[in-house]
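Chemist: This one is start.cif, mmCIF, N, CA and C atoms.
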```cif
data_query
#
loop_
_atom_site.label_atom_id
_atom_site.label_comp_id
_atom_site.auth_asym_id
_atom_site.auth_seq_id
_atom_site.Cartn_x
_atom_site.Cartn_y
_atom_site.Cartn_z
N GLN A 1 -0.63 -10.42 16.36
CA GLN A 1 0.06 -11.61 15.87
C GLN A 1 -0.61 -12.08 14.58
N VAL A 2 0.19 -12.29 13.55
CA VAL A 2 -0.33 -12.73 12.27
C VAL A 2 -0.68 -14.20 12.32
N GLN A 3 -1.87 -14.52 11.84
CA GLN A 3 -2.27 -15.92 11.73
C GLN A 3 -2.96 -16.15 10.39
N LEU A 4 -2.61 -17.24 9.75
CA LEU A 4 -3.24 -17.66 8.51
C LEU A 4 -3.79 -19.06 8.75
N VAL A 5 -5.09 -19.23 8.53
CA VAL A 5 -5.72 -20.53 8.79
C VAL A 5 -6.45 -20.99 7.54
N GLU A 6 -5.95 -22.07 6.94
CA GLU A 6 -6.55 -22.62 5.74
C GLU A 6 -7.65 -23.61 6.09
N SER A 7 -8.61 -23.74 5.17
CA SER A 7 -9.66 -24.74 5.30
C SER A 7 -10.20 -25.05 3.92
N GLY A 8 -11.01 -26.10 3.82
CA GLY A 8 -11.68 -26.42 2.58
C GLY A 8 -11.09 -27.58 1.80
N GLY A 9 -9.98 -28.13 2.28
CA GLY A 9 -9.40 -29.26 1.59
C GLY A 9 -10.25 -30.51 1.76
N GLY A 10 -9.89 -31.55 1.02
CA GLY A 10 -10.63 -32.80 1.11
C GLY A 10 -10.27 -33.71 -0.04
N GLU A 11 -11.07 -34.74 -0.21
CA GLU A 11 -10.85 -35.69 -1.28
C GLU A 11 -11.96 -35.55 -2.31
N VAL A 12 -11.55 -35.52 -3.57
CA VAL A 12 -12.50 -35.35 -4.66
C VAL A 12 -12.04 -36.17 -5.85
N GLN A 13 -12.96 -36.55 -6.69
CA GLN A 13 -12.61 -37.28 -7.91
C GLN A 13 -12.14 -36.31 -8.99
N ALA A 14 -11.36 -36.82 -9.90
CA ALA A 14 -10.88 -36.01 -11.01
C ALA A 14 -12.07 -35.38 -11.75
N GLY A 15 -11.91 -34.11 -12.08
CA GLY A 15 -12.99 -33.36 -12.71
C GLY A 15 -13.84 -32.58 -11.73
N GLY A 16 -13.68 -32.86 -10.45
CA GLY A 16 -14.47 -32.18 -9.43
C GLY A 16 -13.89 -30.84 -9.04
N SER A 17 -14.53 -30.21 -8.05
CA SER A 17 -14.14 -28.87 -7.61
C SER A 17 -14.02 -28.81 -6.10
N LEU A 18 -13.18 -27.91 -5.64
CA LEU A 18 -13.06 -27.58 -4.23
C LEU A 18 -12.80 -26.08 -4.13
N ARG A 19 -13.19 -25.49 -3.00
CA ARG A 19 -12.84 -24.11 -2.72
C ARG A 19 -12.08 -24.03 -1.41
N LEU A 20 -10.87 -23.55 -1.49
CA LEU A 20 -10.04 -23.37 -0.30
C LEU A 20 -10.23 -21.96 0.24
N SER A 21 -10.15 -21.84 1.55
CA SER A 21 -10.24 -20.54 2.21
C SER A 21 -9.04 -20.35 3.12
N CYS A 22 -8.64 -19.10 3.28
CA CYS A 22 -7.55 -18.76 4.20
C CYS A 22 -7.99 -17.52 4.97
N LEU A 23 -8.23 -17.71 6.25
CA LEU A 23 -8.61 -16.60 7.11
C LEU A 23 -7.35 -15.89 7.58
N VAL A 24 -7.27 -14.59 7.32
CA VAL A 24 -6.08 -13.80 7.62
C VAL A 24 -6.36 -12.88 8.80
N SER A 25 -5.55 -12.99 9.81
CA SER A 25 -5.71 -12.09 10.96
C SER A 25 -4.36 -11.53 11.36
N PRO A 26 -4.32 -10.32 11.94
CA PRO A 26 -5.46 -9.52 12.33
C PRO A 26 -6.11 -8.73 11.19
N SER A 27 -5.36 -8.44 10.11
CA SER A 27 -5.94 -7.64 9.04
C SER A 27 -5.38 -8.06 7.69
N ILE A 28 -6.26 -8.17 6.71
CA ILE A 28 -5.84 -8.57 5.37
C ILE A 28 -5.15 -7.43 4.64
N PHE A 29 -5.37 -6.18 5.09
CA PHE A 29 -4.84 -5.02 4.38
C PHE A 29 -3.35 -4.80 4.64
N GLU A 30 -2.80 -5.49 5.60
CA GLU A 30 -1.39 -5.29 5.95
C GLU A 30 -0.44 -5.78 4.87
N PHE A 31 -0.92 -6.68 4.02
CA PHE A 31 -0.01 -7.45 3.18
C PHE A 31 0.01 -6.98 1.73
N ASN A 32 1.22 -6.93 1.16
CA ASN A 32 1.37 -6.52 -0.23
C ASN A 32 0.76 -7.55 -1.16
N SER A 33 0.90 -8.83 -0.80
CA SER A 33 0.35 -9.87 -1.65
C SER A 33 -0.06 -11.07 -0.80
N LEU A 34 -1.01 -11.80 -1.33
CA LEU A 34 -1.49 -13.04 -0.73
C LEU A 34 -1.44 -14.11 -1.80
N GLY A 35 -1.09 -15.32 -1.41
CA GLY A 35 -0.98 -16.35 -2.43
C GLY A 35 -1.21 -17.75 -1.91
N TRP A 36 -1.29 -18.66 -2.85
CA TRP A 36 -1.42 -20.09 -2.56
C TRP A 36 -0.22 -20.82 -3.15
N PHE A 37 0.28 -21.75 -2.37
CA PHE A 37 1.35 -22.64 -2.78
C PHE A 37 0.90 -24.06 -2.47
N ARG A 38 1.55 -25.03 -3.09
CA ARG A 38 1.21 -26.43 -2.81
C ARG A 38 2.46 -27.28 -2.79
N GLN A 39 2.34 -28.39 -2.10
CA GLN A 39 3.45 -29.32 -2.01
C GLN A 39 2.93 -30.73 -2.14
N ALA A 40 3.34 -31.38 -3.22
CA ALA A 40 2.95 -32.77 -3.46
C ALA A 40 3.90 -33.68 -2.68
N PRO A 41 3.46 -34.90 -2.37
CA PRO A 41 4.34 -35.83 -1.64
C PRO A 41 5.66 -36.03 -2.36
N GLY A 42 6.76 -35.85 -1.63
CA GLY A 42 8.07 -36.06 -2.20
C GLY A 42 8.59 -34.95 -3.09
N ARG A 43 7.86 -33.85 -3.15
CA ARG A 43 8.27 -32.75 -4.01
C ARG A 43 8.40 -31.45 -3.22
N GLU A 44 9.04 -30.47 -3.83
CA GLU A 44 9.20 -29.18 -3.17
C GLU A 44 7.91 -28.36 -3.28
N ARG A 45 7.77 -27.43 -2.37
CA ARG A 45 6.62 -26.53 -2.40
C ARG A 45 6.70 -25.65 -3.65
N GLU A 46 5.56 -25.46 -4.32
CA GLU A 46 5.55 -24.69 -5.55
C GLU A 46 4.45 -23.64 -5.54
N PHE A 47 4.68 -22.61 -6.32
CA PHE A 47 3.74 -21.51 -6.45
C PHE A 47 2.49 -21.96 -7.21
N VAL A 48 1.32 -21.50 -6.77
CA VAL A 48 0.07 -21.79 -7.46
C VAL A 48 -0.55 -20.50 -8.01
N ALA A 49 -0.78 -19.54 -7.12
CA ALA A 49 -1.45 -18.30 -7.53
C ALA A 49 -1.19 -17.22 -6.51
N THR A 50 -1.25 -15.96 -6.96
CA THR A 50 -1.07 -14.84 -6.06
C THR A 50 -1.96 -13.68 -6.48
N ILE A 51 -2.34 -12.86 -5.50
CA ILE A 51 -3.11 -11.66 -5.76
C ILE A 51 -2.52 -10.55 -4.89
N THR A 52 -2.26 -9.40 -5.53
CA THR A 52 -1.66 -8.30 -4.79
C THR A 52 -2.74 -7.41 -4.18
N LEU A 53 -2.30 -6.49 -3.33
CA LEU A 53 -3.22 -5.54 -2.71
C LEU A 53 -3.92 -4.71 -3.78
N GLY A 54 -3.20 -4.46 -4.89
CA GLY A 54 -3.78 -3.69 -5.99
C GLY A 54 -4.64 -4.50 -6.93
N GLY A 55 -4.70 -5.82 -6.70
CA GLY A 55 -5.58 -6.66 -7.51
C GLY A 55 -4.92 -7.41 -8.65
N ARG A 56 -3.60 -7.27 -8.77
CA ARG A 56 -2.93 -8.03 -9.83
C ARG A 56 -2.93 -9.51 -9.47
N ILE A 57 -3.23 -10.36 -10.46
CA ILE A 57 -3.34 -11.80 -10.25
C ILE A 57 -2.39 -12.54 -11.19
N ASP A 58 -1.74 -13.56 -10.66
CA ASP A 58 -0.87 -14.42 -11.45
C ASP A 58 -1.13 -15.87 -11.07
N TYR A 59 -1.01 -16.76 -12.05
CA TYR A 59 -1.17 -18.19 -11.85
C TYR A 59 0.01 -18.93 -12.44
N THR A 60 0.31 -20.08 -11.87
CA THR A 60 1.24 -20.96 -12.53
C THR A 60 0.51 -21.58 -13.73
N GLY A 61 1.27 -21.90 -14.76
CA GLY A 61 0.65 -22.38 -15.98
C GLY A 61 -0.19 -23.64 -15.80
N ALA A 62 0.20 -24.48 -14.86
CA ALA A 62 -0.49 -25.76 -14.67
C ALA A 62 -1.94 -25.60 -14.19
N VAL A 63 -2.27 -24.44 -13.61
CA VAL A 63 -3.62 -24.26 -13.08
C VAL A 63 -4.38 -23.14 -13.79
N ASP A 64 -3.70 -22.41 -14.65
CA ASP A 64 -4.34 -21.28 -15.34
C ASP A 64 -5.53 -21.77 -16.15
N GLY A 65 -6.68 -21.11 -15.95
CA GLY A 65 -7.90 -21.51 -16.62
C GLY A 65 -8.74 -22.48 -15.82
N ARG A 66 -8.17 -23.05 -14.76
CA ARG A 66 -8.93 -23.98 -13.90
C ARG A 66 -9.12 -23.44 -12.49
N PHE A 67 -8.16 -22.72 -11.98
CA PHE A 67 -8.21 -22.19 -10.62
C PHE A 67 -8.48 -20.69 -10.67
N ILE A 68 -9.16 -20.20 -9.64
CA ILE A 68 -9.43 -18.76 -9.52
C ILE A 68 -9.10 -18.31 -8.10
N ILE A 69 -8.19 -17.35 -7.99
CA ILE A 69 -7.85 -16.77 -6.69
C ILE A 69 -8.65 -15.49 -6.50
N SER A 70 -9.12 -15.28 -5.28
CA SER A 70 -9.87 -14.07 -4.97
C SER A 70 -9.72 -13.74 -3.50
N ARG A 71 -10.13 -12.54 -3.14
CA ARG A 71 -10.04 -12.12 -1.74
C ARG A 71 -11.30 -11.36 -1.36
N ASP A 72 -11.73 -11.54 -0.14
CA ASP A 72 -12.85 -10.80 0.41
C ASP A 72 -12.30 -10.01 1.59
N ASN A 73 -12.08 -8.72 1.37
CA ASN A 73 -11.44 -7.91 2.40
C ASN A 73 -12.30 -7.81 3.65
N ALA A 74 -13.60 -7.71 3.47
CA ALA A 74 -14.50 -7.59 4.63
C ALA A 74 -14.46 -8.84 5.50
N GLN A 75 -14.33 -10.00 4.86
CA GLN A 75 -14.27 -11.26 5.59
C GLN A 75 -12.84 -11.65 5.95
N LYS A 76 -11.86 -10.83 5.55
CA LYS A 76 -10.43 -11.11 5.81
C LYS A 76 -10.05 -12.50 5.30
N THR A 77 -10.56 -12.85 4.14
CA THR A 77 -10.37 -14.21 3.65
C THR A 77 -9.86 -14.23 2.22
N LEU A 78 -8.90 -15.10 1.98
CA LEU A 78 -8.38 -15.40 0.66
C LEU A 78 -8.99 -16.72 0.21
N TYR A 79 -9.36 -16.81 -1.07
CA TYR A 79 -9.98 -18.02 -1.60
C TYR A 79 -9.18 -18.57 -2.77
N LEU A 80 -9.35 -19.86 -2.98
CA LEU A 80 -8.86 -20.49 -4.19
C LEU A 80 -9.93 -21.46 -4.67
N GLN A 81 -10.62 -21.06 -5.73
CA GLN A 81 -11.62 -21.93 -6.36
C GLN A 81 -10.89 -22.85 -7.33
N MET A 82 -11.00 -24.13 -7.12
CA MET A 82 -10.28 -25.10 -7.94
C MET A 82 -11.30 -25.94 -8.70
N ASN A 83 -11.28 -25.84 -10.02
CA ASN A 83 -12.21 -26.55 -10.88
C ASN A 83 -11.46 -27.55 -11.76
N ASN A 84 -12.19 -28.52 -12.27
CA ASN A 84 -11.60 -29.53 -13.15
C ASN A 84 -10.30 -30.09 -12.55
N LEU A 85 -10.40 -30.52 -11.32
CA LEU A 85 -9.22 -31.00 -10.61
C LEU A 85 -8.66 -32.26 -11.25
N LYS A 86 -7.34 -32.38 -11.18
CA LYS A 86 -6.62 -33.51 -11.75
C LYS A 86 -5.84 -34.21 -10.64
N PRO A 87 -5.51 -35.48 -10.82
CA PRO A 87 -4.72 -36.17 -9.80
C PRO A 87 -3.41 -35.46 -9.47
N GLU A 88 -2.81 -34.79 -10.46
CA GLU A 88 -1.55 -34.08 -10.21
C GLU A 88 -1.74 -32.81 -9.37
N ASP A 89 -2.98 -32.44 -9.07
CA ASP A 89 -3.23 -31.33 -8.16
C ASP A 89 -3.18 -31.76 -6.70
N THR A 90 -3.03 -33.05 -6.46
CA THR A 90 -2.96 -33.58 -5.10
C THR A 90 -1.77 -32.99 -4.34
N GLY A 91 -2.01 -32.60 -3.08
CA GLY A 91 -0.94 -32.08 -2.25
C GLY A 91 -1.49 -31.29 -1.08
N ASP A 92 -0.57 -30.76 -0.31
CA ASP A 92 -0.93 -29.85 0.78
C ASP A 92 -0.89 -28.43 0.24
N TYR A 93 -1.94 -27.68 0.49
CA TYR A 93 -2.05 -26.32 -0.03
C TYR A 93 -1.86 -25.33 1.11
N TYR A 94 -0.99 -24.36 0.87
CA TYR A 94 -0.61 -23.39 1.89
C TYR A 94 -0.94 -21.97 1.45
N CYS A 95 -1.40 -21.19 2.40
CA CYS A 95 -1.64 -19.78 2.19
C CYS A 95 -0.39 -19.01 2.63
N LYS A 96 -0.02 -18.00 1.85
CA LYS A 96 1.15 -17.18 2.16
C LYS A 96 0.77 -15.71 2.09
N ALA A 97 1.21 -14.95 3.08
CA ALA A 97 0.98 -13.51 3.10
C ALA A 97 2.33 -12.81 3.18
N THR A 98 2.52 -11.81 2.33
CA THR A 98 3.81 -11.13 2.25
C THR A 98 3.66 -9.63 2.47
N ILE A 99 4.51 -9.08 3.32
CA ILE A 99 4.61 -7.65 3.48
C ILE A 99 6.08 -7.29 3.39
N LEU A 100 6.41 -6.43 2.41
CA LEU A 100 7.81 -6.10 2.10
C LEU A 100 8.56 -7.41 1.90
N SER A 101 9.57 -7.69 2.67
CA SER A 101 10.34 -8.92 2.46
C SER A 101 9.99 -10.01 3.46
N ARG A 102 8.95 -9.79 4.26
CA ARG A 102 8.60 -10.75 5.29
C ARG A 102 7.39 -11.58 4.85
N ALA A 103 7.50 -12.89 5.04
CA ALA A 103 6.43 -13.80 4.62
C ALA A 103 5.89 -14.58 5.80
N TYR A 104 4.58 -14.83 5.76
CA TYR A 104 3.90 -15.62 6.77
C TYR A 104 3.18 -16.76 6.07
N TRP A 105 3.16 -17.92 6.73
CA TRP A 105 2.55 -19.12 6.15
C TRP A 105 1.51 -19.70 7.08
N GLY A 106 0.47 -20.29 6.48
CA GLY A 106 -0.45 -21.10 7.25
C GLY A 106 0.09 -22.51 7.39
N ARG A 107 -0.68 -23.35 8.05
CA ARG A 107 -0.25 -24.74 8.28
C ARG A 107 -0.67 -25.68 7.18
N GLY A 108 -1.52 -25.23 6.29
CA GLY A 108 -1.87 -26.03 5.13
C GLY A 108 -3.17 -26.79 5.27
N THR A 109 -3.72 -27.16 4.13
CA THR A 109 -4.91 -28.01 4.06
C THR A 109 -4.68 -29.01 2.94
N GLN A 110 -5.08 -30.24 3.17
CA GLN A 110 -4.75 -31.32 2.25
C GLN A 110 -5.82 -31.48 1.18
N VAL A 111 -5.36 -31.66 -0.04
CA VAL A 111 -6.23 -31.90 -1.19
C VAL A 111 -5.81 -33.22 -1.84
N THR A 112 -6.76 -34.10 -2.02
CA THR A 112 -6.49 -35.37 -2.67
C THR A 112 -7.46 -35.54 -3.84
N VAL A 113 -6.91 -35.73 -5.02
CA VAL A 113 -7.72 -35.91 -6.22
C VAL A 113 -7.50 -37.33 -6.73
N SER A 114 -8.55 -38.11 -6.76
CA SER A 114 -8.45 -39.49 -7.21
C SER A 114 -8.89 -39.62 -8.66
N SER A 115 -8.27 -40.55 -9.36
CA SER A 115 -8.58 -40.73 -10.79
C SER A 115 -9.74 -41.70 -10.98
#
```
Rewrite the structure from the file as structure tokens, please.

Modeler:
Amino acid sequence: QVQLVESGGGEVQAGGSLRLSCLVSPSIFEFNSLGWFRQAPGREREFVATITLGGRIDYTGAVDGRFIISRDNAQKTLYLQMNNLKPEDTGDYYCKATILSRAYWGRGTQVTVSS
């Protein structure tokens, strides 16, 4: 059974950093791509970053240069290092794993950035 469990969210002041983690079970190698999405209050869920099994990485423009996505295959964990956080980064952050056309989601972790 596929499970994605996010952690690492919290409250931070603008300019601060957080690192999100997503534990992927049973195996991280099953998935073509892994990614992070976020949903701000009152808004639709949006793409943040993705990394493929082959190592290709993409970011949404709003976080490019501030966020870093990475994966540790041995630890079965996906990471999102978030630096220079802004109030507009506030939201629930979700981990997504995709294999072919099937997608799996975690339950999310909350990030709050205060000005």

Chemist: So that I can check the surroundings of Trp36 of chain A, please list as a short mmCIF file (atom, residue, chain, number, x, y, z; two decimals) with N, CA and C atoms, in the coordinates of the input every protein, DNA and RNA residue that reaches within 6 Å of it, counting only N, CA and C atoms and ignoring chain neighbours fewer than 4 positions away.

Modeler:
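result.cif, freshly written:
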```cif
data_model
loop_
_atom_site.label_atom_id
_atom_site.label_comp_id
_atom_site.auth_asym_id
_atom_site.auth_seq_id
_atom_site.Cartn_x
_atom_site.Cartn_y
_atom_site.Cartn_z
N GLU A 46 5.56 -25.46 -4.32
CA GLU A 46 5.55 -24.69 -5.55
C GLU A 46 4.45 -23.64 -5.54
N PHE A 47 4.68 -22.61 -6.32
CA PHE A 47 3.74 -21.51 -6.45
C PHE A 47 2.49 -21.96 -7.21
N VAL A 48 1.32 -21.50 -6.77
CA VAL A 48 0.07 -21.79 -7.46
C VAL A 48 -0.55 -20.50 -8.01
N ALA A 49 -0.78 -19.54 -7.12
CA ALA A 49 -1.45 -18.30 -7.53
C ALA A 49 -1.19 -17.22 -6.51
N THR A 50 -1.25 -15.96 -6.96
CA THR A 50 -1.07 -14.84 -6.06
C THR A 50 -1.96 -13.68 -6.48
N TYR A 94 -0.99 -24.36 0.87
CA TYR A 94 -0.61 -23.39 1.89
C TYR A 94 -0.94 -21.97 1.45
N CYS A 95 -1.40 -21.19 2.40
CA CYS A 95 -1.64 -19.78 2.19
C CYS A 95 -0.39 -19.01 2.63
N LYS A 96 -0.02 -18.00 1.85
CA LYS A 96 1.15 -17.18 2.16
C LYS A 96 0.77 -15.71 2.09
#
```

Chemist: Just give me the gap between atom CA of Leu23 of chain A and atom CA of Ser7 of chain A in Å, one decimal is fine.

Modeler: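 Pair atom CA of Leu23 of chain A / atom CA of Ser7 of chain A returns 8.4 Å.
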
Chemist: One decimal, in Å: what's the spacing between atom CA of Glu6 of chain A and atom CA of Asp92 of chain A?

Modeler: 10.4 Å

Chemist: Out of chain A, which residues get strand (DSSP E) from DSSP, as an NGL selection string?

Modeler: :A and (3-7 or 10-13 or 18-25 or 33-39 or 46-52 or 57-59 or 67-72 or 77-82 or 91-99 or 102-105 or 109-114)

Chemist: Rank nothing, just name the residue among A:Ile99, A:Ile51, A:Gly42, A:Ser27 nearest to Leu80 of chain A, using only C-alpha atoms.

Modeler: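 Comparing A:Ile99, A:Ile51, A:Gly42, A:Ser27 against Leu80 of chain A, the winner is A:Ile51.
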
Chemist: One decimal, in Å: what's the spacing between atom CA of Leu85 of chain A and atom CA of Arg45 of chain A?

Modeler: 18.4 Å

Chemist: Determine, counting only N, CA and C atoms, which protein, DNA and RNA residues have an atom within 6.5 Å of an atom of Tyr93 of chain A; residues of the same chain fewer than 5 positions away are not included. Present the result as a list of chain:residue names.

Modeler: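 These residues fall inside the cut-off: A:Trp36, A:Phe37, A:Arg38, A:Gln39, A:Arg107, A:Gly108, A:Thr109, A:Gln110, A:Val111.
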
Chemist: For a quick check of understanding, using all atoms listed in the file, which of A:Ser33, A:Asn84, A:Gln1, A:Thr60 has the smallest distance to Leu18 of chain A?

Modeler: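 The closest residue to Leu18 of chain A is A:Asn84.
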
Chemist: Taking all listed atoms of segment 32-45 of chain A, build the axis-aligned box, pad each of the six sides by 8 Å, then write its centre and edge lengths in Å to one decimal as lines of an AutoDock Vina configuration file.

Modeler:
```
center_x = 3.9
center_y = -21.3
center_z = -1.4
size_x = 26.7
size_y = 45.5
size_z = 21.2
```

Chemist: Report the residues of segment 20-114 of chain A whose backbone DSSP state falls under helix (DSSP H, G or I), written as a list in words.

Modeler: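 Selecting the helix (DSSP H, G or I) positions of segment 20-114 of chain A gives Ile28, Phe29, Glu30, Pro87, Glu88 and Asp89 of chain A.
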
Chemist: With the PyMOL selection byres (((chain A and resi 63 and name CA) around 10) and name CA) as the selection, what would be picked from this file? Answer as a list in words, please.

Modeler: Val48, Ala49, Tyr59, Thr60, Gly61, Ala62, Asp64, Gly65, Arg66, Phe67, Ile68, Met82, Asn83, Asn84, Leu85, Lys86 and Asp89 of chain A

Chemist: With N, CA and C atoms retained, export the selected residues as a compact mmCIF listing (two decimals), in the frame of the given file.

Modeler:
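Everything below was put into again.txt:
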```
# COMPACT_ATOMS: atom_id res chain seq x y z
N VAL A 48 1.32 -21.50 -6.77
CA VAL A 48 0.07 -21.79 -7.46
C VAL A 48 -0.55 -20.50 -8.01
N ALA A 49 -0.78 -19.54 -7.12
CA ALA A 49 -1.45 -18.30 -7.53
C ALA A 49 -1.19 -17.22 -6.51
N TYR A 59 -1.01 -16.76 -12.05
CA TYR A 59 -1.17 -18.19 -11.85
C TYR A 59 0.01 -18.93 -12.44
N THR A 60 0.31 -20.08 -11.87
CA THR A 60 1.24 -20.96 -12.53
C THR A 60 0.51 -21.58 -13.73
N GLY A 61 1.27 -21.90 -14.76
CA GLY A 61 0.65 -22.38 -15.98
C GLY A 61 -0.19 -23.64 -15.80
N ALA A 62 0.20 -24.48 -14.86
CA ALA A 62 -0.49 -25.76 -14.67
C ALA A 62 -1.94 -25.60 -14.19
N ASP A 64 -3.70 -22.41 -14.65
CA ASP A 64 -4.34 -21.28 -15.34
C ASP A 64 -5.53 -21.77 -16.15
N GLY A 65 -6.68 -21.11 -15.95
CA GLY A 65 -7.90 -21.51 -16.62
C GLY A 65 -8.74 -22.48 -15.82
N ARG A 66 -8.17 -23.05 -14.76
CA ARG A 66 -8.93 -23.98 -13.90
C ARG A 66 -9.12 -23.44 -12.49
N PHE A 67 -8.16 -22.72 -11.98
CA PHE A 67 -8.21 -22.19 -10.62
C PHE A 67 -8.48 -20.69 -10.67
N ILE A 68 -9.16 -20.20 -9.64
CA ILE A 68 -9.43 -18.76 -9.52
C ILE A 68 -9.10 -18.31 -8.10
N MET A 82 -11.00 -24.13 -7.12
CA MET A 82 -10.28 -25.10 -7.94
C MET A 82 -11.30 -25.94 -8.70
N ASN A 83 -11.28 -25.84 -10.02
CA ASN A 83 -12.21 -26.55 -10.88
C ASN A 83 -11.46 -27.55 -11.76
N ASN A 84 -12.19 -28.52 -12.27
CA ASN A 84 -11.60 -29.53 -13.15
C ASN A 84 -10.30 -30.09 -12.55
N LEU A 85 -10.40 -30.52 -11.32
CA LEU A 85 -9.22 -31.00 -10.61
C LEU A 85 -8.66 -32.26 -11.25
N LYS A 86 -7.34 -32.38 -11.18
CA LYS A 86 -6.62 -33.51 -11.75
C LYS A 86 -5.84 -34.21 -10.64
N ASP A 89 -2.98 -32.44 -9.07
CA ASP A 89 -3.23 -31.33 -8.16
C ASP A 89 -3.18 -31.76 -6.70
```

Chemist: Could you spell out the hits of the PyMOL selection byres ((chain A and resi 114) around 5) on the shown file, as a count of residues only?

Modeler: 6

Chemist: Given the file shown, determine the residues that the PyMOL selection byres (((chain A and resi 3 and name CA) around 7) and name CA) selects; report them as a PyMOL selection string.

Modeler: chain A and resi 1-2+4-5+24-25

Chemist: Given the choices A:Leu100, A:Thr52, A:Gly10, A:Arg19, which gets closest to Leu34 of chain A if the distance is worked out from all atoms listed in the file?

Modeler: A:Thr52

Chemist: All heavy atoms are what I want for segment 64-70 of chain A; can you complete it accordingly and write them as a PDB file, keeping the file's coordinate frame?

Modeler:
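Below is the file that was written, out.pdb:
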```pdb
ATOM      1  N   ASP A  64      -3.700 -22.410 -14.650  1.00  0.00           N
ATOM      2  CA  ASP A  64      -4.340 -21.280 -15.340  1.00  0.00           C
ATOM      3  C   ASP A  64      -5.530 -21.770 -16.150  1.00  0.00           C
ATOM      4  O   ASP A  64      -5.410 -22.734 -16.908  1.00  0.00           O
ATOM      5  CB  ASP A  64      -3.308 -20.589 -16.241  1.00  0.00           C
ATOM      6  CG  ASP A  64      -3.723 -19.177 -16.612  1.00  0.00           C
ATOM      7  OD1 ASP A  64      -4.771 -18.709 -16.123  1.00  0.00           O
ATOM      8  OD2 ASP A  64      -2.988 -18.541 -17.380  1.00  0.00           O
ATOM      9  N   GLY A  65      -6.680 -21.110 -15.950  1.00  0.00           N
ATOM     10  CA  GLY A  65      -7.900 -21.510 -16.620  1.00  0.00           C
ATOM     11  C   GLY A  65      -8.740 -22.480 -15.820  1.00  0.00           C
ATOM     12  O   GLY A  65      -9.907 -22.717 -16.162  1.00  0.00           O
ATOM     13  N   ARG A  66      -8.170 -23.050 -14.760  1.00  0.00           N
ATOM     14  CA  ARG A  66      -8.930 -23.980 -13.900  1.00  0.00           C
ATOM     15  C   ARG A  66      -9.120 -23.440 -12.490  1.00  0.00           C
ATOM     16  O   ARG A  66     -10.141 -23.719 -11.855  1.00  0.00           O
ATOM     17  CB  ARG A  66      -8.203 -25.325 -13.819  1.00  0.00           C
ATOM     18  CG  ARG A  66      -8.030 -26.035 -15.157  1.00  0.00           C
ATOM     19  CD  ARG A  66      -7.492 -27.449 -14.978  1.00  0.00           C
ATOM     20  NE  ARG A  66      -6.150 -27.464 -14.391  1.00  0.00           N
ATOM     21  CZ  ARG A  66      -5.841 -28.087 -13.249  1.00  0.00           C
ATOM     22  NH1 ARG A  66      -6.760 -28.739 -12.577  1.00  0.00           N
ATOM     23  NH2 ARG A  66      -4.591 -28.071 -12.801  1.00  0.00           N
ATOM     24  N   PHE A  67      -8.160 -22.720 -11.980  1.00  0.00           N
ATOM     25  CA  PHE A  67      -8.210 -22.190 -10.620  1.00  0.00           C
ATOM     26  C   PHE A  67      -8.480 -20.690 -10.670  1.00  0.00           C
ATOM     27  O   PHE A  67      -8.041 -19.992 -11.595  1.00  0.00           O
ATOM     28  CB  PHE A  67      -6.887 -22.419  -9.881  1.00  0.00           C
ATOM     29  CG  PHE A  67      -6.599 -23.862  -9.538  1.00  0.00           C
ATOM     30  CD1 PHE A  67      -7.344 -24.910 -10.039  1.00  0.00           C
ATOM     31  CD2 PHE A  67      -5.546 -24.162  -8.685  1.00  0.00           C
ATOM     32  CE1 PHE A  67      -7.059 -26.223  -9.713  1.00  0.00           C
ATOM     33  CE2 PHE A  67      -5.244 -25.471  -8.337  1.00  0.00           C
ATOM     34  CZ  PHE A  67      -6.007 -26.502  -8.862  1.00  0.00           C
ATOM     35  N   ILE A  68      -9.160 -20.200  -9.640  1.00  0.00           N
ATOM     36  CA  ILE A  68      -9.430 -18.760  -9.520  1.00  0.00           C
ATOM     37  C   ILE A  68      -9.100 -18.310  -8.100  1.00  0.00           C
ATOM     38  O   ILE A  68      -9.653 -18.848  -7.129  1.00  0.00           O
ATOM     39  CB  ILE A  68     -10.900 -18.427  -9.817  1.00  0.00           C
ATOM     40  CG1 ILE A  68     -11.266 -18.881 -11.231  1.00  0.00           C
ATOM     41  CG2 ILE A  68     -11.151 -16.925  -9.666  1.00  0.00           C
ATOM     42  CD1 ILE A  68     -12.750 -18.794 -11.531  1.00  0.00           C
ATOM     43  N   ILE A  69      -8.190 -17.350  -7.990  1.00  0.00           N
ATOM     44  CA  ILE A  69      -7.850 -16.770  -6.690  1.00  0.00           C
ATOM     45  C   ILE A  69      -8.650 -15.490  -6.500  1.00  0.00           C
ATOM     46  O   ILE A  69      -8.861 -14.731  -7.440  1.00  0.00           O
ATOM     47  CB  ILE A  69      -6.329 -16.508  -6.584  1.00  0.00           C
ATOM     48  CG1 ILE A  69      -5.958 -16.100  -5.156  1.00  0.00           C
ATOM     49  CG2 ILE A  69      -5.880 -15.456  -7.589  1.00  0.00           C
ATOM     50  CD1 ILE A  69      -4.443 -16.020  -4.921  1.00  0.00           C
ATOM     51  N   SER A  70      -9.120 -15.280  -5.280  1.00  0.00           N
ATOM     52  CA  SER A  70      -9.870 -14.070  -4.970  1.00  0.00           C
ATOM     53  C   SER A  70      -9.720 -13.740  -3.500  1.00  0.00           C
ATOM     54  O   SER A  70      -9.244 -14.570  -2.716  1.00  0.00           O
ATOM     55  CB  SER A  70     -11.343 -14.223  -5.337  1.00  0.00           C
ATOM     56  OG  SER A  70     -11.950 -15.244  -4.566  1.00  0.00           O
TER      57      SER A  70
END
```
